[in-house]
file model_36.pdb (PDB, C-alpha atoms (C1' of nucleotides))
ATOM      1  CA  MET A   1       0.000   0.000   0.000
ATOM      2  CA  ASP A   2       1.315   3.321  -0.987
ATOM      3  CA  CYS A   3       1.104   6.704   0.588
ATOM      4  CA  CYS A   4       1.031  10.340  -0.053
ATOM      5  CA  PRO A   5       0.210  12.901  -2.723
ATOM      6  CA  PRO A   6       3.061  15.334  -3.549
ATOM      7  CA  LEU A   7       3.399  18.417  -1.370
ATOM      8  CA  HIS A   8       4.920  21.790  -2.062
ATOM      9  CA  GLY A   9       4.934  24.317   0.738
ATOM     10  CA  THR A  10       5.417  27.914  -0.222
ATOM     11  CA  LEU A  11       7.805  28.872   2.554
ATOM     12  CA  ASP A  12      11.347  28.081   1.452
ATOM     13  CA  GLU A  13      14.312  27.674   3.769
ATOM     14  CA  ASP A  14      15.523  31.253   3.427
ATOM     15  CA  GLY A  15      12.113  32.731   4.085
ATOM     16  CA  ALA A  16      11.666  30.390   7.006
ATOM     17  CA  ILE A  17      14.991  31.426   8.522
ATOM     18  CA  GLU A  18      14.089  35.075   8.154
ATOM     19  CA  LEU A  19      10.688  34.665   9.767
ATOM     20  CA  ALA A  20      12.036  32.385  12.479
ATOM     21  CA  THR A  21      14.655  34.978  13.378
ATOM     22  CA  LEU A  22      11.923  37.526  13.878
ATOM     23  CA  VAL A  23       9.695  35.170  15.840
ATOM     24  CA  LYS A  24      12.665  34.143  17.962
ATOM     25  CA  ALA A  25      12.983  37.735  19.106
ATOM     26  CA  LEU A  26       9.508  37.352  20.603
ATOM     27  CA  ALA A  27      10.069  33.882  22.033
ATOM     28  CA  ASP A  28      11.332  34.970  25.431
ATOM     29  CA  PRO A  29       9.395  35.855  28.585
ATOM     30  CA  ALA A  30      11.615  38.811  29.422
ATOM     31  CA  ARG A  31      11.207  40.319  25.962
ATOM     32  CA  LEU A  32       7.462  39.757  25.890
ATOM     33  CA  ARG A  33       7.169  41.516  29.224
ATOM     34  CA  LEU A  34       9.325  44.363  27.996
ATOM     35  CA  ILE A  35       7.041  44.887  25.034
ATOM     36  CA  SER A  36       4.054  44.709  27.351
ATOM     37  CA  LEU A  37       5.549  47.264  29.722
ATOM     38  CA  ILE A  38       6.538  49.649  26.974
ATOM     39  CA  ALA A  39       3.240  49.326  25.138
ATOM     40  CA  ALA A  40       1.436  50.165  28.371
ATOM     41  CA  ALA A  41       3.287  53.437  28.834
ATOM     42  CA  ASP A  42       1.159  56.556  28.731
ATOM     43  CA  ASP A  43       2.422  58.100  25.513
ATOM     44  CA  GLY A  44       3.888  54.861  24.195
ATOM     45  CA  TRP A  45       7.412  55.791  25.239
ATOM     46  CA  ALA A  46       9.109  54.114  28.196
ATOM     47  CA  CYS A  47      12.459  54.799  29.871
ATOM     48  CA  ALA A  48      14.852  51.893  30.300
ATOM     49  CA  CYS A  49      15.433  52.957  33.880
ATOM     50  CA  ASP A  50      11.856  51.903  34.671
ATOM     51  CA  LEU A  51      12.173  48.468  33.177
ATOM     52  CA  HIS A  52      14.836  46.681  35.206
ATOM     53  CA  GLU A  53      12.918  46.586  38.432
ATOM     54  CA  PRO A  54       9.480  45.322  37.299
ATOM     55  CA  LEU A  55      11.257  42.732  35.183
ATOM     56  CA  GLY A  56      13.281  41.334  38.064
ATOM     57  CA  ARG A  57      16.407  41.069  35.959
ATOM     58  CA  SER A  58      19.766  42.757  36.042
ATOM     59  CA  GLN A  59      20.516  45.892  34.086
ATOM     60  CA  PRO A  60      22.867  44.174  31.608
ATOM     61  CA  THR A  61      20.283  41.496  30.945
ATOM     62  CA  VAL A  62      17.552  44.027  30.272
ATOM     63  CA  SER A  63      19.878  46.013  28.046
ATOM     64  CA  HIS A  64      20.643  42.844  26.143
ATOM     65  CA  HIS A  65      16.975  42.093  25.557
ATOM     66  CA  LEU A  66      16.177  45.640  24.553
ATOM     67  CA  SER A  67      18.974  45.555  22.003
ATOM     68  CA  LYS A  68      17.657  42.299  20.601
ATOM     69  CA  LEU A  69      14.231  43.808  20.158
ATOM     70  CA  VAL A  70      15.612  46.940  18.553
ATOM     71  CA  GLN A  71      17.722  44.844  16.228
ATOM     72  CA  ALA A  72      14.643  42.871  15.232
ATOM     73  CA  GLY A  73      12.886  46.145  14.481
ATOM     74  CA  LEU A  74      10.257  45.512  17.132
ATOM     75  CA  LEU A  75      11.343  48.451  19.283
ATOM     76  CA  GLU A  76      12.511  51.946  18.491
ATOM     77  CA  ARG A  77      15.248  53.448  20.653
ATOM     78  CA  GLU A  78      15.731  57.145  21.330
ATOM     79  CA  MET A  79      18.447  58.608  23.563
ATOM     80  CA  ARG A  80      17.410  61.588  25.703
ATOM     81  CA  GLY A  81      20.366  62.822  27.685
ATOM     82  CA  LYS A  82      21.652  59.816  29.499
ATOM     83  CA  TRP A  83      18.374  57.951  29.364
ATOM     84  CA  ALA A  84      17.264  55.534  26.716
ATOM     85  CA  TRP A  85      13.619  55.615  25.748
ATOM     86  CA  PHE A  86      11.786  52.938  23.810
ATOM     87  CA  ARG A  87       8.632  52.622  21.786
ATOM     88  CA  VAL A  88       6.926  49.547  20.338
ATOM     89  CA  ARG A  89       6.946  49.302  16.555
ATOM     90  CA  THR A  90       3.318  48.253  16.211
ATOM     91  CA  ASP A  91       3.561  48.000  12.452
ATOM     92  CA  ARG A  92       6.400  45.534  12.731
ATOM     93  CA  LEU A  93       4.509  43.468  15.282
ATOM     94  CA  ASP A  94       1.568  43.322  12.914
ATOM     95  CA  GLN A  95       3.906  42.193  10.160
ATOM     96  CA  VAL A  96       4.962  39.217  12.228
ATOM     97  CA  ARG A  97       1.403  38.387  13.115
ATOM     98  CA  ALA A  98       0.379  38.513   9.472
ATOM     99  CA  ALA A  99       3.266  36.279   8.460
ATOM    100  CA  LEU A 100       2.147  33.713  11.020
ATOM    101  CA  ALA A 101      -1.379  33.512   9.635
ATOM    102  CA  VAL A 102      -2.093  30.363   7.661
ATOM    103  CA  GLY A 103      -2.577  32.555   4.617
ATOM    104  CA  GLY A 104       0.799  34.179   5.145
ATOM    105  CA  LEU A 105       2.538  30.868   5.600
ATOM    106  CA  VAL A 106       1.062  29.322   2.498
ATOM    107  CA  THR A 107       1.201  32.195   0.064
ATOM    108  CA  GLY A 108       4.758  32.984   1.138
TER     109      GLY A 108
ATOM    110  CA  MET B   1      17.032  65.782  36.976
ATOM    111  CA  ASP B   2      14.723  62.936  37.586
ATOM    112  CA  CYS B   3      13.207  60.369  35.331
ATOM    113  CA  CYS B   4      10.325  58.158  34.758
ATOM    114  CA  PRO B   5       6.618  57.812  35.517
ATOM    115  CA  PRO B   6       5.621  54.487  37.111
ATOM    116  CA  LEU B   7       4.871  51.608  34.758
ATOM    117  CA  HIS B   8       2.767  48.509  35.204
ATOM    118  CA  GLY B   9       2.659  46.081  32.324
ATOM    119  CA  THR B  10      -0.189  43.650  32.313
ATOM    120  CA  LEU B  11       1.774  40.581  31.321
ATOM    121  CA  ASP B  12       3.188  38.945  34.431
ATOM    122  CA  GLU B  13       6.043  36.473  34.499
ATOM    123  CA  ASP B  14       3.866  33.379  34.449
ATOM    124  CA  GLY B  15       1.787  34.608  31.550
ATOM    125  CA  ALA B  16       4.929  35.621  29.725
ATOM    126  CA  ILE B  17       6.479  32.186  30.200
ATOM    127  CA  GLU B  18       3.349  30.528  28.914
ATOM    128  CA  LEU B  19       3.143  32.703  25.834
ATOM    129  CA  ALA B  20       6.882  32.488  25.193
ATOM    130  CA  THR B  21       6.691  28.700  25.291
ATOM    131  CA  LEU B  22       4.060  28.800  22.591
ATOM    132  CA  VAL B  23       5.919  31.342  20.474
ATOM    133  CA  LYS B  24       9.114  29.340  20.874
ATOM    134  CA  ALA B  25       7.413  26.442  19.158
ATOM    135  CA  LEU B  26       7.092  28.696  16.110
ATOM    136  CA  ALA B  27      10.569  30.147  16.341
ATOM    137  CA  ASP B  28      12.311  27.583  14.198
ATOM    138  CA  PRO B  29      12.720  27.433  10.409
ATOM    139  CA  ALA B  30      12.059  23.715  10.226
ATOM    140  CA  ARG B  31       8.834  24.009  12.184
ATOM    141  CA  LEU B  32       7.607  26.999  10.220
ATOM    142  CA  ARG B  33       8.190  25.105   7.007
ATOM    143  CA  LEU B  34       6.387  22.075   8.401
ATOM    144  CA  ILE B  35       3.352  24.181   9.167
ATOM    145  CA  SER B  36       3.569  25.715   5.724
ATOM    146  CA  LEU B  37       3.781  22.318   4.065
ATOM    147  CA  ILE B  38       0.934  20.834   6.044
ATOM    148  CA  ALA B  39      -1.286  23.876   5.626
ATOM    149  CA  ALA B  40      -0.747  23.657   1.875
ATOM    150  CA  ALA B  41      -1.979  20.069   1.689
ATOM    151  CA  ASP B  42      -5.115  19.533  -0.365
ATOM    152  CA  ASP B  43      -7.525  18.580   2.379
ATOM    153  CA  GLY B  44      -5.426  20.040   5.164
ATOM    154  CA  TRP B  45      -3.986  16.684   6.157
ATOM    155  CA  ALA B  46      -0.390  15.746   5.368
ATOM    156  CA  CYS B  47       1.496  12.486   5.847
ATOM    157  CA  ALA B  48       4.779  12.607   7.742
ATOM    158  CA  CYS B  49       6.365  10.474   5.053
ATOM    159  CA  ASP B  50       6.037  13.407   2.655
ATOM    160  CA  LEU B  51       7.707  15.906   4.948
ATOM    161  CA  HIS B  52      11.255  14.629   5.456
ATOM    162  CA  GLU B  53      12.389  15.090   1.908
ATOM    163  CA  PRO B  54      11.181  18.650   1.138
ATOM    164  CA  LEU B  55      12.523  19.718   4.504
ATOM    165  CA  GLY B  56      16.009  18.365   3.876
ATOM    166  CA  ARG B  57      16.264  16.958   7.381
ATOM    167  CA  SER B  58      16.503  13.474   8.788
ATOM    168  CA  GLN B  59      13.501  11.460   9.848
ATOM    169  CA  PRO B  60      14.252  11.678  13.590
ATOM    170  CA  THR B  61      14.667  15.431  13.334
ATOM    171  CA  VAL B  62      11.366  15.888  11.543
ATOM    172  CA  SER B  63       9.657  13.602  14.028
ATOM    173  CA  HIS B  64      11.095  15.698  16.832
ATOM    174  CA  HIS B  65       9.766  18.930  15.365
ATOM    175  CA  LEU B  66       6.354  17.456  14.645
ATOM    176  CA  SER B  67       6.097  16.300  18.242
ATOM    177  CA  LYS B  68       7.020  19.762  19.468
ATOM    178  CA  LEU B  69       4.273  21.287  17.364
ATOM    179  CA  VAL B  70       1.723  18.725  18.512
ATOM    180  CA  GLN B  71       2.717  19.313  22.116
ATOM    181  CA  ALA B  72       2.232  23.044  21.620
ATOM    182  CA  GLY B  73      -1.224  22.333  20.244
ATOM    183  CA  LEU B  74      -0.335  23.808  16.886
ATOM    184  CA  LEU B  75      -0.685  20.506  15.035
ATOM    185  CA  GLU B  76      -3.093  17.625  15.337
ATOM    186  CA  ARG B  77      -1.746  14.100  14.873
ATOM    187  CA  GLU B  78      -3.701  11.142  13.591
ATOM    188  CA  MET B  79      -2.297   7.662  13.061
ATOM    189  CA  ARG B  80      -3.539   5.805   9.989
ATOM    190  CA  GLY B  81      -2.015   2.367   9.859
ATOM    191  CA  LYS B  82       1.696   2.908  10.073
ATOM    192  CA  TRP B  83       1.554   6.458   8.823
ATOM    193  CA  ALA B  84       1.177   9.605  10.858
ATOM    194  CA  TRP B  85      -0.967  12.359   9.429
ATOM    195  CA  PHE B  86      -1.004  15.939  10.588
ATOM    196  CA  ARG B  87      -3.288  18.941  10.363
ATOM    197  CA  VAL B  88      -2.674  22.551  11.351
ATOM    198  CA  ARG B  89      -4.685  23.796  14.316
ATOM    199  CA  THR B  90      -5.661  27.118  12.755
ATOM    200  CA  ASP B  91      -7.574  28.202  15.824
ATOM    201  CA  ARG B  92      -4.503  27.748  17.979
ATOM    202  CA  LEU B  93      -2.370  29.681  15.518
ATOM    203  CA  ASP B  94      -4.878  32.516  15.645
ATOM    204  CA  GLN B  95      -4.706  32.421  19.440
ATOM    205  CA  VAL B  96      -0.987  33.025  19.319
ATOM    206  CA  ARG B  97      -1.374  35.811  16.800
ATOM    207  CA  ALA B  98      -4.016  37.479  18.943
ATOM    208  CA  ALA B  99      -1.838  37.223  22.042
ATOM    209  CA  LEU B 100       0.971  38.949  20.170
ATOM    210  CA  ALA B 101      -1.156  41.933  19.233
ATOM    211  CA  VAL B 102      -0.411  45.078  21.220
ATOM    212  CA  GLY B 103      -3.902  44.852  22.630
ATOM    213  CA  GLY B 104      -3.356  41.271  23.730
ATOM    214  CA  LEU B 105      -0.042  42.091  25.351
ATOM    215  CA  VAL B 106      -1.389  45.018  27.307
ATOM    216  CA  THR B 107      -4.754  43.719  28.405
ATOM    217  CA  GLY B 108      -3.213  40.422  29.415
TER     218      GLY B 108
ATOM    219  C1'  DT C   1      37.709  69.186  36.197
ATOM    220  C1'  DC C   2      35.656  65.528  39.121
ATOM    221  C1'  DC C   3      31.969  62.789  40.613
ATOM    222  C1'  DT C   4      27.761  60.574  39.726
ATOM    223  C1'  DT C   5      24.676  57.985  37.004
ATOM    224  C1'  DG C   6      22.534  55.358  33.208
ATOM    225  C1'  DC C   7      23.481  52.347  29.507
ATOM    226  C1'  DA C   8      26.369  49.306  26.650
ATOM    227  C1'  DT C   9      29.911  45.897  26.223
ATOM    228  C1'  DC C  10      32.857  42.044  27.753
ATOM    229  C1'  DG C  11      33.755  37.452  29.483
ATOM    230  C1'  DA C  12      32.094  33.531  31.626
ATOM    231  C1'  DT C  13      28.720  30.054  32.737
ATOM    232  C1'  DG C  14      24.848  27.125  32.818
ATOM    233  C1'  DA C  15      20.814  25.678  30.331
ATOM    234  C1'  DT C  16      18.394  24.744  26.339
ATOM    235  C1'  DT C  17      18.046  22.653  21.918
ATOM    236  C1'  DA C  18      18.590  21.357  16.868
ATOM    237  C1'  DT C  19      20.571  17.695  14.677
ATOM    238  C1'  DC C  20      21.805  12.978  13.470
ATOM    239  C1'  DG C  21      23.003   7.798  13.706
ATOM    240  C1'  DA C  22      21.465   3.803  15.956
ATOM    241  C1'  DT C  23      17.882   1.394  17.981
ATOM    242  C1'  DT C  24      13.199   0.269  19.341
ATOM    243  C1'  DT C  25       8.244   0.024  18.681
ATOM    244  C1'  DG C  26       4.279  -1.021  16.102
ATOM    245  C1'  DA C  27       1.627  -2.085  12.197
ATOM    246  C1'  DT C  28       1.218  -4.414   7.576
ATOM    247  C1'  DG C  29       1.511  -8.037   4.396
ATOM    248  C1'  DA C  30       3.363 -12.461   2.814
TER     249       DA C  30
ATOM    250  C1'  DT D   1       5.660 -16.453  12.083
ATOM    251  C1'  DC D   2       8.688 -13.565   9.777
ATOM    252  C1'  DA D   3      10.251  -9.747   6.990
ATOM    253  C1'  DT D   4       9.376  -4.978   6.008
ATOM    254  C1'  DC D   5       8.601  -0.307   6.683
ATOM    255  C1'  DA D   6       7.253   4.074   9.140
ATOM    256  C1'  DA D   7       7.643   6.548  13.231
ATOM    257  C1'  DA D   8       9.256   7.331  17.855
ATOM    258  C1'  DT D   9      12.858   7.125  21.220
ATOM    259  C1'  DC D  10      17.693   7.092  22.821
ATOM    260  C1'  DG D  11      22.330   8.978  23.304
ATOM    261  C1'  DA D  12      25.601  12.153  21.899
ATOM    262  C1'  DT D  13      27.250  16.487  20.147
ATOM    263  C1'  DA D  14      27.643  21.113  18.750
ATOM    264  C1'  DA D  15      25.577  25.494  18.770
ATOM    265  C1'  DT D  16      22.763  28.992  20.625
ATOM    266  C1'  DC D  17      21.522  31.908  24.288
ATOM    267  C1'  DA D  18      19.778  33.941  28.823
ATOM    268  C1'  DT D  19      21.921  35.561  32.679
ATOM    269  C1'  DC D  20      25.057  38.130  35.626
ATOM    270  C1'  DG D  21      29.302  40.575  37.613
ATOM    271  C1'  DA D  22      32.766  43.576  36.174
ATOM    272  C1'  DT D  23      34.143  47.079  33.300
ATOM    273  C1'  DG D  24      33.907  50.848  29.929
ATOM    274  C1'  DC D  25      31.731  54.974  28.133
ATOM    275  C1'  DA D  26      29.238  59.126  27.792
ATOM    276  C1'  DA D  27      26.282  62.730  29.623
ATOM    277  C1'  DG D  28      25.054  65.862  33.350
ATOM    278  C1'  DG D  29      25.662  68.454  37.429
ATOM    279  C1'  DA D  30      28.574  70.667  41.009
TER     280       DA D  30
END

call {"tool": "encode", "arguments": {"input": "model_36.pdb", "output": "structure tokens"}}
result
Amino acid sequence: MDCCPPLHGTLDEDGAIELATLVKALADPARLRLISLIAAADDGWACACDLHEPLGRSQPTVSHHLSKLVQAGLLEREMRGKWAWFRVRTDRLDQVRAALAVGGLVTG
Amino acid sequence: MDCCPPLHGTLDEDGAIELATLVKALADPARLRLISLIAAADDGWACACDLHEPLGRSQPTVSHHLSKLVQAGLLEREMRGKWAWFRVRTDRLDQVRAALAVGGLVTG
DNA sequence: TCCTTGCATCGATGATTATCGATTTGATGA
DNA sequence: TCATCAAATCGATAATCATCGATGCAAGGA
């Protein structure tokens, strides 16, 4: 007995690596909480100095995560004097969400 | 000069860990391609035997990834004779996408 | 010009994990 | 009963990465 009609997914290895890299930036509790904290800020901007404590992680660790998110394009960084302020790139977040829809995964 | 209004994100550590675990299941090129391949199947069901080759990975590796996705609730497994068939849990995928929306991250 | 302070970087470490070859399990057919 | 084949599990390995203490750097303020 045989098996299986031919399959051809539309997401190739390169596209998958690119998307996975982006999703990986979101696949961490600390980073998800950072986005949550920043998104909840009054005007959308949050100071890094306010993030260490509610996160319960050291300053270098938080800095590391913030950099990761900026690098992924999910956060925007702005220096004001000696403080670093961050804003969530909502458009970018929506991009990821769209790419993860079944439609996005199948049509490329 | 002082800094910073108080912040209170709505995603606590436990919720963040739970969501991150789910997102982590999607944060891998092989698994994204698996979902893409399975979602592209004619009737939505795909046989595991058809997935190793287009993925360019060994059988144990593919089996490992499929199990991860099933465990995360993102795939449904059904044994038919000696073959394993899989279907994408679209509802679950939408859950993840909703949780990643700014609204989902801020309201909990 | 110092001292303070906030953030980034460095180096190290422990944990997680993607991957594969070998083996086992389980179902099918002869 | 035995041979075959698909899938899961095992064991090992290499790579990635979250975390932190220590250090460096740059911007204010005195």

call {"tool": "resolve_selection", "arguments": {"input": "model_36.pdb", "expression": "the PyMOL selection byres ((chain D and resi 30) around 9)", "output": "list in words"}}
result
DC2 and DC3 of chain C; DG29 of chain D

call {"tool": "resolve_selection", "arguments": {"input": "model_36.pdb", "expression": "the PyMOL selection byres ((chain B) within 6 of (chain A))", "output": "ChimeraX atom specification"}}
result
/B:9,11,16-17,20,23-24,27-29,33,36-37,40,97,105-106

call {"tool": "closest_atom_pairs", "arguments": {"input": "model_36.pdb", "of": "chain A", "to": "chain C", "cutoff": "9 Å", "atoms": "all atoms listed in the file", "output": "Markdown table"}}
result
| residue | atom | partner | partner_atom | distance |
| --- | --- | --- | --- | --- |
| A:Met1 | CA | C:DT28 | C1' | 8.9 |
| A:Ala48 | CA | C:DC7 | C1' | 8.7 |
| A:Cys49 | CA | C:DG6 | C1' | 7.5 |
| A:Gln59 | CA | C:DC7 | C1' | 8.5 |
| A:Pro60 | CA | C:DA8 | C1' | 7.9 |
| A:Ser63 | CA | C:DA8 | C1' | 7.4 |
| A:His64 | CA | C:DA8 | C1' | 8.6 |
| A:Lys82 | CA | C:DG6 | C1' | 5.9 |
| A:Trp83 | CA | C:DG6 | C1' | 6.2 |
| A:Ala84 | CA | C:DC7 | C1' | 7.5 |

call {"tool": "closest_residue", "arguments": {"input": "model_36.pdb", "among": "A:Gly44, A:Gln71, A:Gly81, A:Phe86", "to": "chain D", "atoms": "only C-alpha atoms (C1' of nucleotides)"}}
result
A:Gly81

call {"tool": "atom_distance", "arguments": {"input": "model_36.pdb", "atom1": "CA of Arg92 in chain B", "atom2": "CA of Asp91 in chain A"}}
result
22.5 Å

call {"tool": "resolve_selection", "arguments": {"input": "model_36.pdb", "expression": "the PyMOL selection byres ((chain B and resi 77) around 9)", "output": "ChimeraX atom specification"}}
result
/B:66-67,70,75-76,78-79,84-87

call {"tool": "closest_residue", "arguments": {"input": "model_36.pdb", "among": "A:Gln95, A:Asp43, A:Arg57, A:Leu74", "to": "chain D", "atoms": "only C-alpha atoms (C1' of nucleotides)"}}
result
A:Arg57

call {"tool": "interface_residues", "arguments": {"input": "model_36.pdb", "of": "chain D", "to": "chain B", "cutoff": "10 Å", "atoms": "all atoms listed in the file", "output": "list in words"}}
result
DC5, DA6, DA7, DA8, DT9, DG28 and DG29 of chain D

call {"tool": "atom_distance", "arguments": {"input": "model_36.pdb", "atom1": "CA of Val62 in chain A", "atom2": "C1' of DC20 in chain D"}}
result
10.9 Å

call {"tool": "atom_distance", "arguments": {"input": "model_36.pdb", "atom1": "C1' of DA3 in chain D", "atom2": "CA of Glu53 in chain B"}}
result
25.4 Å

call {"tool": "build_atoms", "arguments": {"input": "model_36.pdb", "residues": "range 69-95 of chain A", "atoms": "N, CA and C atoms", "output": "PDB file, keeping the file's coordinate frame"}}
result
ATOM      1  N   LEU A  69      15.514  43.379  20.698  1.00  0.00           N
ATOM      2  CA  LEU A  69      14.231  43.808  20.158  1.00  0.00           C
ATOM      3  C   LEU A  69      14.409  44.960  19.173  1.00  0.00           C
ATOM      4  N   VAL A  70      15.332  45.840  19.478  1.00  0.00           N
ATOM      5  CA  VAL A  70      15.612  46.940  18.553  1.00  0.00           C
ATOM      6  C   VAL A  70      16.170  46.386  17.249  1.00  0.00           C
ATOM      7  N   GLN A  71      17.090  45.446  17.395  1.00  0.00           N
ATOM      8  CA  GLN A  71      17.722  44.844  16.228  1.00  0.00           C
ATOM      9  C   GLN A  71      16.692  44.137  15.347  1.00  0.00           C
ATOM     10  N   ALA A  72      15.694  43.562  15.980  1.00  0.00           N
ATOM     11  CA  ALA A  72      14.643  42.871  15.232  1.00  0.00           C
ATOM     12  C   ALA A  72      13.642  43.864  14.649  1.00  0.00           C
ATOM     13  N   GLY A  73      13.782  45.124  15.008  1.00  0.00           N
ATOM     14  CA  GLY A  73      12.886  46.145  14.481  1.00  0.00           C
ATOM     15  C   GLY A  73      11.577  46.221  15.233  1.00  0.00           C
ATOM     16  N   LEU A  74      11.507  45.543  16.379  1.00  0.00           N
ATOM     17  CA  LEU A  74      10.257  45.512  17.132  1.00  0.00           C
ATOM     18  C   LEU A  74      10.169  46.664  18.124  1.00  0.00           C
ATOM     19  N   LEU A  75      11.316  47.275  18.418  1.00  0.00           N
ATOM     20  CA  LEU A  75      11.343  48.451  19.283  1.00  0.00           C
ATOM     21  C   LEU A  75      12.123  49.563  18.594  1.00  0.00           C
ATOM     22  N   GLU A  76      11.784  50.781  18.968  1.00  0.00           N
ATOM     23  CA  GLU A  76      12.511  51.946  18.491  1.00  0.00           C
ATOM     24  C   GLU A  76      13.222  52.549  19.693  1.00  0.00           C
ATOM     25  N   ARG A  77      14.494  52.869  19.545  1.00  0.00           N
ATOM     26  CA  ARG A  77      15.248  53.448  20.653  1.00  0.00           C
ATOM     27  C   ARG A  77      15.533  54.922  20.380  1.00  0.00           C
ATOM     28  N   GLU A  78      15.424  55.722  21.457  1.00  0.00           N
ATOM     29  CA  GLU A  78      15.731  57.145  21.330  1.00  0.00           C
ATOM     30  C   GLU A  78      16.486  57.582  22.583  1.00  0.00           C
ATOM     31  N   MET A  79      17.666  58.137  22.422  1.00  0.00           N
ATOM     32  CA  MET A  79      18.447  58.608  23.563  1.00  0.00           C
ATOM     33  C   MET A  79      18.023  60.037  23.926  1.00  0.00           C
ATOM     34  N   ARG A  80      17.734  60.243  25.206  1.00  0.00           N
ATOM     35  CA  ARG A  80      17.410  61.588  25.703  1.00  0.00           C
ATOM     36  C   ARG A  80      18.339  61.851  26.871  1.00  0.00           C
ATOM     37  N   GLY A  81      19.360  62.642  26.652  1.00  0.00           N
ATOM     38  CA  GLY A  81      20.366  62.822  27.685  1.00  0.00           C
ATOM     39  C   GLY A  81      21.013  61.492  27.964  1.00  0.00           C
ATOM     40  N   LYS A  82      21.037  61.110  29.217  1.00  0.00           N
ATOM     41  CA  LYS A  82      21.652  59.816  29.499  1.00  0.00           C
ATOM     42  C   LYS A  82      20.634  58.692  29.619  1.00  0.00           C
ATOM     43  N   TRP A  83      19.385  58.999  29.297  1.00  0.00           N
ATOM     44  CA  TRP A  83      18.374  57.951  29.364  1.00  0.00           C
ATOM     45  C   TRP A  83      18.021  57.421  27.989  1.00  0.00           C
ATOM     46  N   ALA A  84      17.702  56.159  27.967  1.00  0.00           N
ATOM     47  CA  ALA A  84      17.264  55.534  26.716  1.00  0.00           C
ATOM     48  C   ALA A  84      15.766  55.304  26.792  1.00  0.00           C
ATOM     49  N   TRP A  85      15.060  55.790  25.803  1.00  0.00           N
ATOM     50  CA  TRP A  85      13.619  55.615  25.748  1.00  0.00           C
ATOM     51  C   TRP A  85      13.251  54.684  24.607  1.00  0.00           C
ATOM     52  N   PHE A  86      12.168  53.942  24.798  1.00  0.00           N
ATOM     53  CA  PHE A  86      11.786  52.938  23.810  1.00  0.00           C
ATOM     54  C   PHE A  86      10.302  53.018  23.480  1.00  0.00           C
ATOM     55  N   ARG A  87      10.013  52.672  22.239  1.00  0.00           N
ATOM     56  CA  ARG A  87       8.632  52.622  21.786  1.00  0.00           C
ATOM     57  C   ARG A  87       8.423  51.336  20.985  1.00  0.00           C
ATOM     58  N   VAL A  88       7.224  50.774  21.079  1.00  0.00           N
ATOM     59  CA  VAL A  88       6.926  49.547  20.338  1.00  0.00           C
ATOM     60  C   VAL A  88       6.617  49.884  18.887  1.00  0.00           C
ATOM     61  N   ARG A  89       7.235  49.149  17.991  1.00  0.00           N
ATOM     62  CA  ARG A  89       6.946  49.302  16.555  1.00  0.00           C
ATOM     63  C   ARG A  89       5.731  48.437  16.219  1.00  0.00           C
ATOM     64  N   THR A  90       4.555  49.010  16.410  1.00  0.00           N
ATOM     65  CA  THR A  90       3.318  48.253  16.211  1.00  0.00           C
ATOM     66  C   THR A  90       3.218  47.683  14.803  1.00  0.00           C
ATOM     67  N   ASP A  91       3.649  48.467  13.840  1.00  0.00           N
ATOM     68  CA  ASP A  91       3.561  48.000  12.452  1.00  0.00           C
ATOM     69  C   ASP A  91       4.361  46.716  12.251  1.00  0.00           C
ATOM     70  N   ARG A  92       5.525  46.702  12.857  1.00  0.00           N
ATOM     71  CA  ARG A  92       6.400  45.534  12.731  1.00  0.00           C
ATOM     72  C   ARG A  92       5.776  44.307  13.398  1.00  0.00           C
ATOM     73  N   LEU A  93       5.177  44.547  14.561  1.00  0.00           N
ATOM     74  CA  LEU A  93       4.509  43.468  15.282  1.00  0.00           C
ATOM     75  C   LEU A  93       3.378  42.890  14.431  1.00  0.00           C
ATOM     76  N   ASP A  94       2.657  43.775  13.784  1.00  0.00           N
ATOM     77  CA  ASP A  94       1.568  43.322  12.914  1.00  0.00           C
ATOM     78  C   ASP A  94       2.101  42.526  11.729  1.00  0.00           C
ATOM     79  N   GLN A  95       3.264  42.933  11.249  1.00  0.00           N
ATOM     80  CA  GLN A  95       3.906  42.193  10.160  1.00  0.00           C
ATOM     81  C   GLN A  95       4.138  40.739  10.563  1.00  0.00           C
TER      82      GLN A  95
END
